[in-house]
Amino acid sequence: MRDAVRVKHVEEMKRRMQINQGKYETVGKSKENYLKAILITNEKYGACRAVDISRQLSVSKASASIALKKLEEEGFISREEWRITLTEKGSVIARHIYEKNLFFTEWFENLGVSKENAKVDACKIEHIISDETYQKMKKFVTNQSEV
């Protein structure tokens with residue numbers, strides 16, 4: 001059973017590697033968290049509102065509104081009435097950050113770290129690790145799991 005999960009994981013990691021071969025713009029932890037939250041909310045519910053983001057990130061509605069306005073002005077998101085969507089520019093960053101998050105969360109859990117601590121630590125690391133180091137780690141872990 002565990003081998004089947006590992007094979008599925010390796011296939012998913014290879015798919016993600018193909019999607020995220022290009023470089024992405026570094027925008028800072030806060031913006032990355034907002035973009036990731038928008039991506040996750042849209043994928044989970046099919047739509048995203050400012051109130052969803054404020055709840056997910058545990059910030060006030062006013063803070064979320066200000067941050068979302070900046071993201072829109074910078075071309076990372078678009079808003080139509082209440083609906084928030086990622087632009088191509090925002091999507092590339094959000095998917096890259098979310099990929100890192102999933103990678104580190106799963107890796108830490110496989111090492112025996114509790115699910116809660118794995119999520120917290122992955123969220124910290126996803127923002128500070130260089131893309132070069134991340135790509136090397138991902139390649140190493142993927143190659144090890146194929147053995």
# chains A, B, ... in the order shown; residues from 1 in each chain; ligands from 1
$ residues_around --residues "stretch 43-54 of chain A" --least-positions-apart "2" --cutoff "9 Å" --atoms "only C-alpha atoms" --output "mmCIF file with C-alpha atoms, in the first residue's frame"
data_model
loop_
_atom_site.group_PDB
_atom_site.id
_atom_site.type_symbol
_atom_site.label_atom_id
_atom_site.label_comp_id
_atom_site.auth_asym_id
_atom_site.auth_seq_id
_atom_site.Cartn_x
_atom_site.Cartn_y
_atom_site.Cartn_z
ATOM 1 C CA TYR A 34 -2.293 35.683 -0.099
ATOM 2 C CA ALA A 37 -4.709 31.222 -0.134
ATOM 3 C CA ILE A 38 -6.545 32.440 -3.248
ATOM 4 C CA LEU A 39 -5.343 29.413 -5.213
ATOM 5 C CA ILE A 40 -6.381 26.943 -2.511
ATOM 6 C CA THR A 41 -9.769 28.600 -1.980
ATOM 7 C CA GLN A 56 -7.932 31.602 5.963
ATOM 8 C CA LEU A 57 -5.063 33.939 6.832
ATOM 9 C CA SER A 58 -6.555 35.060 10.176
ATOM 10 C CA VAL A 59 -6.408 38.746 9.272
ATOM 11 C CA SER A 60 -9.063 41.433 9.486
ATOM 12 C CA LYS A 61 -11.335 42.067 6.508
ATOM 13 C CA ALA A 62 -9.807 45.547 6.221
ATOM 14 C CA SER A 63 -6.254 44.156 6.080
ATOM 15 C CA ALA A 64 -7.285 41.587 3.490
ATOM 16 C CA SER A 65 -9.005 44.275 1.431
ATOM 17 C CA LEU A 68 -5.965 42.388 -2.262
ATOM 18 C CA TRP A 82 -16.901 39.776 -5.250
ATOM 19 C CA ARG A 83 -14.990 37.049 -7.128
ATOM 20 C CA ILE A 84 -11.181 36.984 -6.846
ATOM 21 C CA THR A 85 -9.122 35.117 -9.430
#
$ residues_around --residues "A:Ile128" --least-positions-apart "5" --cutoff "10 Å" --atoms "only C-alpha atoms" --output "JSON, numbers by chain"
{"A": [28, 29, 123, 134]}
$ write_last_selection --atoms "C-alpha atoms" --output "PDB file, in the first residue's frame"
ATOM      1  CA  GLY A  28       7.648  38.350  -0.391  1.00  0.00           C
ATOM      2  CA  LYS A  29       6.082  36.111   2.220  1.00  0.00           C
ATOM      3  CA  CYS A 123       4.905  27.128   5.536  1.00  0.00           C
ATOM      4  CA  TYR A 134      14.503  23.634  -3.491  1.00  0.00           C
TER       5      TYR A 134
END
$ select_by_dssp --residues "chain A" --states "alpha helix (DSSP H)" --output "VMD selection string"
chain A and resid 2 to 19 29 to 45 50 to 57 61 to 73 88 to 110 115 to 128 131 to 146
$ closest_residue --among "A:Arg95, A:Lys31, A:Lys100, A:Lys115" --to "A:Asp131" --atoms "only C-alpha atoms"
A:Lys100
$ closest_residue --among "A:Val27, A:Leu35, A:Val141, A:Ala118" --to "A:Asn101" --atoms "only C-alpha atoms"
A:Ala118
$ closest_residue --among "A:Phe104, A:Phe76, A:Phe140, A:Tyr98" --to "A:Ile125" --atoms "only C-alpha atoms"
A:Phe104
$ atom_distance --atom1 "atom CA of A:Ile129" --atom2 "atom CA of A:Ile97"
10.6 Å
$ atom_distance --atom1 "atom CA of A:Phe103" --atom2 "atom CA of A:Ile77"
24.6 Å
$ atom_distance --atom1 "atom CA of A:Thr26" --atom2 "atom CA of A:Asp121"
19.6 Å
$ select_by_dssp --residues "chain A" --states "strand (DSSP E or B)" --output "PyMOL selection string"
chain A and resi 77-80+83-86
$ write_last_selection --atoms "all heavy atoms" --output "JSON list (two decimals), in the first residue's frame"
[["chain", "number", "residue", "atom", "x", "y", "z"],
["A", 77, "ILE", "N", -3.76, 39.51, -9.30],
["A", 77, "ILE", "CA", -5.14, 39.02, -9.22],
["A", 77, "ILE", "C", -6.05, 39.93, -10.02],
["A", 77, "ILE", "O", -5.68, 41.06, -10.37],
["A", 77, "ILE", "CB", -5.67, 38.94, -7.76],
["A", 77, "ILE", "CG1", -5.78, 40.35, -7.14],
["A", 77, "ILE", "CG2", -4.80, 38.02, -6.92],
["A", 77, "ILE", "CD1", -6.54, 40.38, -5.83],
["A", 78, "SER", "N", -7.24, 39.42, -10.31],
["A", 78, "SER", "CA", -8.29, 40.27, -10.88],
["A", 78, "SER", "C", -9.53, 40.05, -10.03],
["A", 78, "SER", "O", -9.72, 38.99, -9.42],
["A", 78, "SER", "CB", -8.55, 39.92, -12.34],
["A", 78, "SER", "OG", -8.99, 38.60, -12.47],
["A", 79, "ARG", "N", -10.35, 41.09, -9.96],
["A", 79, "ARG", "CA", -11.58, 41.01, -9.18],
["A", 79, "ARG", "C", -12.73, 41.48, -10.04],
["A", 79, "ARG", "O", -12.66, 42.50, -10.70],
["A", 79, "ARG", "CB", -11.49, 41.87, -7.92],
["A", 79, "ARG", "CG", -10.45, 41.36, -6.95],
["A", 79, "ARG", "CD", -10.59, 41.95, -5.59],
["A", 79, "ARG", "NE", -10.08, 43.32, -5.54],
["A", 79, "ARG", "CZ", -10.03, 44.03, -4.43],
["A", 79, "ARG", "NH1", -10.47, 43.52, -3.29],
["A", 79, "ARG", "NH2", -9.57, 45.26, -4.44],
["A", 80, "GLU", "N", -13.78, 40.67, -10.03],
["A", 80, "GLU", "CA", -15.01, 41.01, -10.72],
["A", 80, "GLU", "C", -16.12, 40.86, -9.70],
["A", 80, "GLU", "O", -16.40, 39.74, -9.24],
["A", 80, "GLU", "CB", -15.23, 40.07, -11.91],
["A", 80, "GLU", "CG", -16.37, 40.49, -12.80],
["A", 80, "GLU", "CD", -16.49, 39.60, -14.02],
["A", 80, "GLU", "OE1", -15.47, 39.28, -14.63],
["A", 80, "GLU", "OE2", -17.63, 39.23, -14.33],
["A", 83, "ARG", "N", -15.82, 38.21, -6.77],
["A", 83, "ARG", "CA", -14.99, 37.05, -7.13],
["A", 83, "ARG", "C", -13.53, 37.45, -7.37],
["A", 83, "ARG", "O", -13.25, 38.36, -8.13],
["A", 83, "ARG", "CB", -15.55, 36.39, -8.38],
["A", 83, "ARG", "CG", -14.88, 35.08, -8.75],
["A", 83, "ARG", "CD", -15.50, 34.47, -10.00],
["A", 83, "ARG", "NE", -16.90, 34.20, -9.83],
["A", 83, "ARG", "CZ", -17.43, 33.04, -9.48],
["A", 83, "ARG", "NH1", -16.64, 32.02, -9.28],
["A", 83, "ARG", "NH2", -18.72, 32.88, -9.34],
["A", 84, "ILE", "N", -12.62, 36.73, -6.71],
["A", 84, "ILE", "CA", -11.18, 36.98, -6.85],
["A", 84, "ILE", "C", -10.56, 35.82, -7.61],
["A", 84, "ILE", "O", -10.74, 34.65, -7.26],
["A", 84, "ILE", "CB", -10.50, 37.09, -5.47],
["A", 84, "ILE", "CG1", -11.16, 38.19, -4.64],
["A", 84, "ILE", "CG2", -9.00, 37.32, -5.62],
["A", 84, "ILE", "CD1", -10.79, 38.13, -3.18],
["A", 85, "THR", "N", -9.82, 36.15, -8.66],
["A", 85, "THR", "CA", -9.12, 35.12, -9.43],
["A", 85, "THR", "C", -7.67, 35.53, -9.62],
["A", 85, "THR", "O", -7.33, 36.71, -9.59],
["A", 85, "THR", "CB", -9.76, 34.89, -10.81],
["A", 85, "THR", "OG1", -9.80, 36.13, -11.52],
["A", 85, "THR", "CG2", -11.17, 34.33, -10.70],
["A", 86, "LEU", "N", -6.83, 34.55, -9.80],
["A", 86, "LEU", "CA", -5.42, 34.79, -10.06],
["A", 86, "LEU", "C", -5.21, 35.09, -11.54],
["A", 86, "LEU", "O", -5.81, 34.44, -12.39],
["A", 86, "LEU", "CB", -4.58, 33.56, -9.68],
["A", 86, "LEU", "CG", -4.55, 33.19, -8.20],
["A", 86, "LEU", "CD1", -3.95, 31.81, -8.03],
["A", 86, "LEU", "CD2", -3.77, 34.22, -7.41]]
